[in-house]
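Visitor: Before we start, here is the structure in question, set down as structure tokens.
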Amino acid sequence: MGVAGAGKSMQGKLLADEHGYAWISTGEILRVLVTGKRRQEMLQGKLLSDDEMIRILDKVLDLIDTTRHFVLDGFPRTVAQADWLVQQAHSGRFRLSAVVHLTASEAIVKQRLVGRGRVDDTEEAIARRFEEYRTVTVPIIDHFRKEGIHVYDVDAAQPPNAVHDEIVQYLDGGTKQGTPYVHST
């Protein structure tokens, strides 16, 4: 988890590829599955409802072996979604043993997002993303901590390989061999 531009998807995919874990990217899934009017709304920045997101992720989780490690990228995006995830873990569907929180300053994020050259990466949009991070993502992270989930804060301003090494170090020290964890970005 973290602010836009912190490298969440890059780090999640790298971790999954390097270790052979399933990589569940809700962004990728939505780009494939959502069509018609909902797709147009999504492309305009409107998020799917909690119920819609949970229903989609629930079906995807039925397709993978949740007794093995997997990386969850792009979920949860609300406290209600985080509650559902915790409830699923408490019910024994999988073990939610770690959340990686990538931190980066507004200056670093601005530099990265402007550098990727997308038309929607304006200074105003970046400021809105940072405000969304403070008002939406940080409460989710706090919620996980209150639920007793290990949240690992990683400085995402480091070079990508250093960020990856730190994530792997945390996860290797924070999980028992043979038990799954969810890396939520």
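Labels for the structure tokens follow display order: chains A, B, ..., residues from 1 in each chain, ligands from 1.
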Can you list, as number ranges by chain, every protein, DNA or RNA residue that comes within 10 Å of Val151 in chain A when you count only C-alpha atoms, leaving out same-chain residues fewer than 2 positions away?
Guide: A: 1, 97-101, 141-142, 144-145, 148-149, 153-154, 170, 174, 183-184
Visitor: For the residues selected in the previous step, produce a file with N, CA, C and O atoms as an mmCIF file, in the first residue's frame.
Guide:
```cif
data_model
loop_
_atom_site.group_PDB
_atom_site.id
_atom_site.type_symbol
_atom_site.label_atom_id
_atom_site.label_comp_id
_atom_site.auth_asym_id
_atom_site.auth_seq_id
_atom_site.Cartn_x
_atom_site.Cartn_y
_atom_site.Cartn_z
ATOM 1 N N MET A 1 0.856 -1.167 0.000
ATOM 2 C CA MET A 1 0.000 0.000 0.000
ATOM 3 C C MET A 1 0.901 1.228 0.000
ATOM 4 O O MET A 1 2.046 1.162 0.415
ATOM 5 N N SER A 97 -0.771 -12.118 6.874
ATOM 6 C CA SER A 97 0.266 -11.931 7.884
ATOM 7 C C SER A 97 1.147 -10.714 7.644
ATOM 8 O O SER A 97 1.965 -10.404 8.497
ATOM 9 N N ALA A 98 1.004 -10.043 6.507
ATOM 10 C CA ALA A 98 1.845 -8.875 6.270
ATOM 11 C C ALA A 98 1.204 -7.921 5.279
ATOM 12 O O ALA A 98 0.599 -8.346 4.300
ATOM 13 N N VAL A 99 1.365 -6.645 5.566
ATOM 14 C CA VAL A 99 1.004 -5.581 4.638
ATOM 15 C C VAL A 99 2.254 -4.738 4.470
ATOM 16 O O VAL A 99 2.881 -4.345 5.464
ATOM 17 N N VAL A 100 2.630 -4.478 3.228
ATOM 18 C CA VAL A 100 3.795 -3.637 2.961
ATOM 19 C C VAL A 100 3.284 -2.239 2.628
ATOM 20 O O VAL A 100 2.441 -2.060 1.745
ATOM 21 N N HIS A 101 3.803 -1.262 3.359
ATOM 22 C CA HIS A 101 3.422 0.136 3.191
ATOM 23 C C HIS A 101 4.616 0.886 2.624
ATOM 24 O O HIS A 101 5.609 1.104 3.325
ATOM 25 N N ILE A 141 -4.339 1.546 6.636
ATOM 26 C CA ILE A 141 -3.109 1.042 7.254
ATOM 27 C C ILE A 141 -3.266 1.022 8.772
ATOM 28 O O ILE A 141 -2.907 0.036 9.428
ATOM 29 N N ASP A 142 -3.812 2.099 9.325
ATOM 30 C CA ASP A 142 -4.066 2.150 10.776
ATOM 31 C C ASP A 142 -5.025 1.034 11.192
ATOM 32 O O ASP A 142 -4.851 0.414 12.247
ATOM 33 N N PHE A 144 -5.430 -1.927 9.747
ATOM 34 C CA PHE A 144 -4.683 -3.190 9.767
ATOM 35 C C PHE A 144 -3.856 -3.301 11.043
ATOM 36 O O PHE A 144 -3.806 -4.365 11.666
ATOM 37 N N ARG A 145 -3.200 -2.224 11.431
ATOM 38 C CA ARG A 145 -2.387 -2.258 12.656
ATOM 39 C C ARG A 145 -3.267 -2.577 13.868
ATOM 40 O O ARG A 145 -2.880 -3.381 14.717
ATOM 41 N N GLY A 148 -4.018 -6.101 14.353
ATOM 42 C CA GLY A 148 -2.878 -6.949 14.678
ATOM 43 C C GLY A 148 -2.123 -7.477 13.467
ATOM 44 O O GLY A 148 -1.290 -8.377 13.598
ATOM 45 N N ILE A 149 -2.405 -6.925 12.286
ATOM 46 C CA ILE A 149 -1.700 -7.325 11.066
ATOM 47 C C ILE A 149 -0.355 -6.599 11.045
ATOM 48 O O ILE A 149 -0.281 -5.405 11.312
ATOM 49 N N ASP A 153 6.658 -0.705 7.087
ATOM 50 C CA ASP A 153 6.889 0.573 6.417
ATOM 51 C C ASP A 153 8.238 0.516 5.708
ATOM 52 O O ASP A 153 9.259 0.249 6.339
ATOM 53 N N VAL A 154 8.216 0.736 4.405
ATOM 54 C CA VAL A 154 9.430 0.677 3.597
ATOM 55 C C VAL A 154 9.598 2.018 2.901
ATOM 56 O O VAL A 154 8.660 2.529 2.278
ATOM 57 N N TYR A 170 11.954 -8.004 5.259
ATOM 58 C CA TYR A 170 10.832 -7.937 6.199
ATOM 59 C C TYR A 170 9.985 -9.205 6.141
ATOM 60 O O TYR A 170 9.644 -9.793 7.162
ATOM 61 N N GLY A 174 9.210 -11.937 8.821
ATOM 62 C CA GLY A 174 7.880 -11.752 9.382
ATOM 63 C C GLY A 174 6.904 -12.862 9.089
ATOM 64 O O GLY A 174 5.745 -12.771 9.444
ATOM 65 N N HIS A 183 0.506 -9.642 0.318
ATOM 66 C CA HIS A 183 1.248 -8.388 0.177
ATOM 67 C C HIS A 183 0.291 -7.442 -0.511
ATOM 68 O O HIS A 183 0.006 -7.598 -1.684
ATOM 69 N N SER A 184 -0.282 -6.536 0.219
ATOM 70 C CA SER A 184 -1.281 -5.653 -0.343
ATOM 71 C C SER A 184 -0.637 -4.338 -0.708
ATOM 72 O O SER A 184 -0.037 -3.677 0.136
#
```
Visitor: Neighbours of Leu57 in chain A within 9 Å (only C-alpha atoms; same-chain residues fewer than 2 positions away dropped), as a PyMOL selection string?
Guide: chain A and resi 24+26+29+52-55+59-62+75
Visitor: Now that the selection is made, can you save its residues with all heavy atoms as a short mmCIF file (atom, residue, chain, number, x, y, z; two decimals), in the first residue's frame?
Guide:
```
data_model
loop_
_atom_site.label_atom_id
_atom_site.label_comp_id
_atom_site.auth_asym_id
_atom_site.auth_seq_id
_atom_site.Cartn_x
_atom_site.Cartn_y
_atom_site.Cartn_z
N ILE A 24 -2.07 -10.94 -7.90
CA ILE A 24 -3.45 -10.57 -8.15
C ILE A 24 -3.52 -9.04 -8.17
O ILE A 24 -3.53 -8.38 -7.14
CB ILE A 24 -4.38 -11.12 -7.05
CG1 ILE A 24 -4.25 -12.64 -6.98
CG2 ILE A 24 -5.82 -10.71 -7.33
CD1 ILE A 24 -4.96 -13.24 -5.80
N THR A 26 -5.71 -6.02 -8.95
CA THR A 26 -7.11 -5.68 -9.20
C THR A 26 -7.22 -4.71 -10.38
O THR A 26 -8.20 -4.77 -11.12
CB THR A 26 -7.79 -5.10 -7.95
OG1 THR A 26 -7.04 -3.98 -7.47
CG2 THR A 26 -7.91 -6.14 -6.86
N ILE A 29 -7.14 -6.87 -13.46
CA ILE A 29 -8.39 -7.65 -13.52
C ILE A 29 -9.54 -6.77 -13.99
O ILE A 29 -10.32 -7.15 -14.86
CB ILE A 29 -8.70 -8.29 -12.15
CG1 ILE A 29 -7.66 -9.38 -11.85
CG2 ILE A 29 -10.12 -8.85 -12.11
CD1 ILE A 29 -7.65 -9.83 -10.41
N GLU A 52 -18.96 -4.40 -5.42
CA GLU A 52 -18.48 -4.85 -6.74
C GLU A 52 -17.04 -5.37 -6.64
O GLU A 52 -16.72 -6.43 -7.18
CB GLU A 52 -18.52 -3.71 -7.75
CG GLU A 52 -19.92 -3.30 -8.18
CD GLU A 52 -19.91 -2.05 -9.05
OE1 GLU A 52 -19.45 -0.99 -8.57
OE2 GLU A 52 -20.35 -2.16 -10.21
N MET A 53 -16.18 -4.63 -5.96
CA MET A 53 -14.78 -5.03 -5.83
C MET A 53 -14.65 -6.33 -5.06
O MET A 53 -13.88 -7.21 -5.44
CB MET A 53 -13.96 -3.94 -5.14
CG MET A 53 -13.58 -2.78 -6.03
SD MET A 53 -12.63 -3.27 -7.49
CE MET A 53 -11.32 -4.24 -6.80
N ILE A 54 -15.38 -6.45 -3.97
CA ILE A 54 -15.32 -7.66 -3.14
C ILE A 54 -15.82 -8.86 -3.93
O ILE A 54 -15.22 -9.94 -3.89
CB ILE A 54 -16.10 -7.45 -1.83
CG1 ILE A 54 -15.32 -6.49 -0.92
CG2 ILE A 54 -16.39 -8.78 -1.14
CD1 ILE A 54 -16.10 -5.97 0.27
N ARG A 55 -16.90 -8.68 -4.67
CA ARG A 55 -17.45 -9.77 -5.48
C ARG A 55 -16.41 -10.26 -6.52
O ARG A 55 -16.21 -11.45 -6.70
CB ARG A 55 -18.74 -9.32 -6.16
CG ARG A 55 -19.69 -10.41 -6.48
CD ARG A 55 -21.08 -9.97 -6.94
NE ARG A 55 -21.17 -8.69 -7.62
CZ ARG A 55 -21.70 -7.57 -7.09
NH1 ARG A 55 -22.18 -7.59 -5.87
NH2 ARG A 55 -21.75 -6.46 -7.79
N LYS A 59 -14.25 -13.98 -6.39
CA LYS A 59 -14.21 -14.96 -7.49
C LYS A 59 -12.76 -15.29 -7.87
O LYS A 59 -12.45 -16.45 -8.14
CB LYS A 59 -14.97 -14.42 -8.70
CG LYS A 59 -16.46 -14.41 -8.50
CD LYS A 59 -17.18 -13.82 -9.69
CE LYS A 59 -18.67 -13.75 -9.42
NZ LYS A 59 -19.41 -13.12 -10.50
N VAL A 60 -11.90 -14.28 -7.90
CA VAL A 60 -10.50 -14.52 -8.25
C VAL A 60 -9.83 -15.39 -7.20
O VAL A 60 -9.08 -16.32 -7.52
CB VAL A 60 -9.74 -13.19 -8.44
CG1 VAL A 60 -8.25 -13.42 -8.59
CG2 VAL A 60 -10.29 -12.43 -9.64
N LEU A 61 -10.12 -15.14 -5.93
CA LEU A 61 -9.52 -15.95 -4.87
C LEU A 61 -9.96 -17.41 -4.94
O LEU A 61 -9.23 -18.30 -4.52
CB LEU A 61 -9.83 -15.35 -3.49
CG LEU A 61 -9.12 -14.03 -3.18
CD1 LEU A 61 -9.62 -13.47 -1.85
CD2 LEU A 61 -7.61 -14.19 -3.18
N ASP A 62 -11.15 -17.64 -5.49
CA ASP A 62 -11.61 -19.02 -5.69
C ASP A 62 -10.78 -19.75 -6.74
O ASP A 62 -10.76 -20.98 -6.77
CB ASP A 62 -13.09 -19.05 -6.13
CG ASP A 62 -14.04 -18.80 -4.97
OD1 ASP A 62 -13.63 -18.94 -3.80
OD2 ASP A 62 -15.20 -18.43 -5.25
N PHE A 75 -5.72 -3.73 -3.66
CA PHE A 75 -6.85 -4.03 -2.77
C PHE A 75 -6.29 -4.23 -1.38
O PHE A 75 -5.25 -4.90 -1.25
CB PHE A 75 -7.57 -5.31 -3.23
CG PHE A 75 -8.85 -5.60 -2.50
CD1 PHE A 75 -10.06 -5.17 -2.99
CD2 PHE A 75 -8.82 -6.32 -1.31
CE1 PHE A 75 -11.24 -5.46 -2.31
CE2 PHE A 75 -9.99 -6.60 -0.63
CZ PHE A 75 -11.20 -6.17 -1.13
#
```
Visitor: Taking only C-alpha atoms into account, which of A:Leu102, A:Leu96, A:Met42, A:Val32 comes nearest Ser9 in chain A?
Guide: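 Nearest to Ser9 in chain A: A:Leu102.
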Visitor: What are the closest atom pairs, with distances in Å to one decimal, for all residues of range 5-69 of chain A lying within 12 Å of range 112-131 of chain A? Consider only C-alpha atoms, order rows by chain and residue number, and present the result as CSV.
Guide:
```
residue,atom,partner,partner_atom,distance
A:Gly5,CA,A:Leu113,CA,5.9
A:Ala6,CA,A:Arg112,CA,8.4
A:Gly7,CA,A:Arg112,CA,9.4
A:Leu43,CA,A:Asp120,CA,11.3
A:Gln44,CA,A:Asp120,CA,10.6
A:Gly45,CA,A:Asp120,CA,10.5
```
Visitor: Let me see the file: selected residues, N, CA, C and O atoms, as a CSV table (one decimal), in the first residue's frame.
Guide:
```csv
chain,number,residue,atom,x,y,z
A,5,GLY,N,2.7,6.4,-7.3
A,5,GLY,CA,4.1,6.7,-7.6
A,5,GLY,C,5.1,6.1,-6.6
A,5,GLY,O,6.3,6.3,-6.8
A,6,ALA,N,4.7,5.4,-5.6
A,6,ALA,CA,5.6,4.8,-4.7
A,6,ALA,C,6.2,3.5,-5.2
A,6,ALA,O,7.2,3.1,-4.7
A,7,GLY,N,5.6,3.0,-6.3
A,7,GLY,CA,6.2,1.8,-6.9
A,7,GLY,C,5.5,0.5,-6.4
A,7,GLY,O,6.0,-0.6,-6.5
A,43,LEU,N,-12.7,4.5,-16.2
A,43,LEU,CA,-11.7,5.2,-16.9
A,43,LEU,C,-11.7,6.7,-16.6
A,43,LEU,O,-10.7,7.4,-16.7
A,44,GLN,N,-12.8,7.2,-16.2
A,44,GLN,CA,-13.0,8.6,-15.8
A,44,GLN,C,-12.6,8.8,-14.3
A,44,GLN,O,-12.7,9.9,-13.8
A,45,GLY,N,-12.2,7.7,-13.6
A,45,GLY,CA,-11.7,7.8,-12.3
A,45,GLY,C,-12.7,7.4,-11.2
A,45,GLY,O,-12.4,7.4,-10.0
```
Visitor: Suppose you want the space between CA of Leu47 in chain A and CA of Pro76 in chain A; what is it in Å?
Guide: 11.9 Å
Visitor: Give the answer as one residue: which of A:Val138, A:Lys110, A:Gly74, A:Asp83 has the shortest atom-to-atom distance to Leu30 in chain A, using only C-alpha atoms?
Guide: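 So, comparing all the options, the nearest one is A:Gly74.
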Visitor: Record the distance separating CA of Trp23 in chain A and CA of Val71 in chain A, expressed in Å with one decimal.
Guide: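 Distance between the two atoms: 4.8 Å.
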Visitor: Would you mind telling me which residue in A:Pro160, A:Val79, A:Glu166, A:Gly2 lies nearest to Arg134 in chain A when using only C-alpha atoms?
Guide: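 Closest residue, counting only C-alpha atoms: A:Gly2.
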Visitor: Restricting the calculation to only C-alpha atoms: of A:Val34, A:Ala107, A:Ala80, A:Ile64, which residue gets closest to Phe94 in chain A?
Guide: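 Of A:Val34, A:Ala107, A:Ala80, A:Ile64, the one nearest Phe94 in chain A, counting only C-alpha atoms, is A:Ile64.
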Visitor: Using only C-alpha atoms, which residues sit within 8 Å of Thr78 in chain A once same-chain residues fewer than 5 positions away are excluded, as JSON, numbers by chain?
Guide: {"A": [50, 136, 137, 140]}
Visitor: How would the residues just chosen look if you wrote them out with all heavy atoms as a CSV table (one decimal), in the first residue's frame?
Guide:
```csv
chain,number,residue,atom,x,y,z
A,50,ASP,N,-17.7,-1.0,-3.1
A,50,ASP,CA,-17.0,-2.0,-2.2
A,50,ASP,C,-17.6,-3.4,-2.6
A,50,ASP,O,-16.9,-4.3,-2.8
A,50,ASP,CB,-17.3,-1.7,-0.8
A,50,ASP,CG,-16.4,-0.6,-0.3
A,50,ASP,OD1,-15.4,-0.2,-0.9
A,50,ASP,OD2,-16.8,0.0,0.8
A,136,VAL,N,-7.6,8.4,2.8
A,136,VAL,CA,-8.2,7.0,2.5
A,136,VAL,C,-7.2,5.9,2.9
A,136,VAL,O,-7.6,5.0,3.6
A,136,VAL,CB,-8.6,6.9,1.1
A,136,VAL,CG1,-9.1,5.5,0.8
A,136,VAL,CG2,-9.6,8.0,0.7
A,137,THR,N,-6.0,6.0,2.4
A,137,THR,CA,-5.0,4.9,2.6
A,137,THR,C,-4.5,4.8,4.0
A,137,THR,O,-4.4,3.7,4.6
A,137,THR,CB,-3.9,5.0,1.6
A,137,THR,OG1,-4.4,5.1,0.2
A,137,THR,CG2,-2.9,3.8,1.7
A,140,ILE,N,-6.7,3.0,6.4
A,140,ILE,CA,-6.7,1.5,6.1
A,140,ILE,C,-5.5,0.9,6.8
A,140,ILE,O,-5.6,-0.1,7.4
A,140,ILE,CB,-6.7,1.2,4.6
A,140,ILE,CG1,-8.0,1.7,4.0
A,140,ILE,CG2,-6.5,-0.3,4.4
A,140,ILE,CD1,-8.0,1.7,2.5
```
Visitor: As a list in words, please: every residue in chain A that a backbone DSSP assignment puts in strand (DSSP E or B).
Guide: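 Secondary structure check on chain A, strand (DSSP E or B): Gly2, Ala22, Trp23, Ile24, Ser25, Phe70, Val71, Leu72, Asp73, Val99, Val100, His101, Leu102, Thr103, Val151, Tyr152, Asp153, Val154, Asp155, Val182, His183 and Ser184 of chain A.
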Visitor: Tell me which of A:Ala104, A:Gln81, A:Gly173, A:His69 sits closest to Pro159 in chain A, counting only C-alpha atoms.
Guide: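 When distances to Pro159 in chain A are compared using only C-alpha atoms, the smallest one comes from A:Ala104.
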Visitor: Taking only C-alpha atoms into account, which of A:Asp17, A:Glu132, A:Glu28, A:Asp155 comes nearest Arg77 in chain A?
Guide: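 Closest to Arg77 in chain A of all the choices is A:Glu132.
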Visitor: Go ahead and compute the interatomic distance for CA of Gly12 in chain A and CA of Gln158 in chain A, in Å to one decimal.
Guide: 15.8 Å
Visitor: Based on DSSP run over this structure's backbone, return all residues of range 11-136 of chain A in alpha helix (DSSP H), as JSON, numbers by chain.
Guide: {"A": [11, 12, 13, 14, 15, 16, 17, 18, 19, 26, 27, 28, 29, 30, 31, 32, 33, 36, 37, 38, 39, 40, 41, 42, 43, 50, 51, 52, 53, 54, 55, 56, 57, 58, 59, 60, 61, 62, 63, 79, 80, 81, 82, 83, 84, 85, 86, 87, 88, 89, 90, 106, 107, 108, 109, 110, 111, 112, 113, 114, 115, 123, 124, 125, 126, 127, 128, 129, 130, 131, 132]}
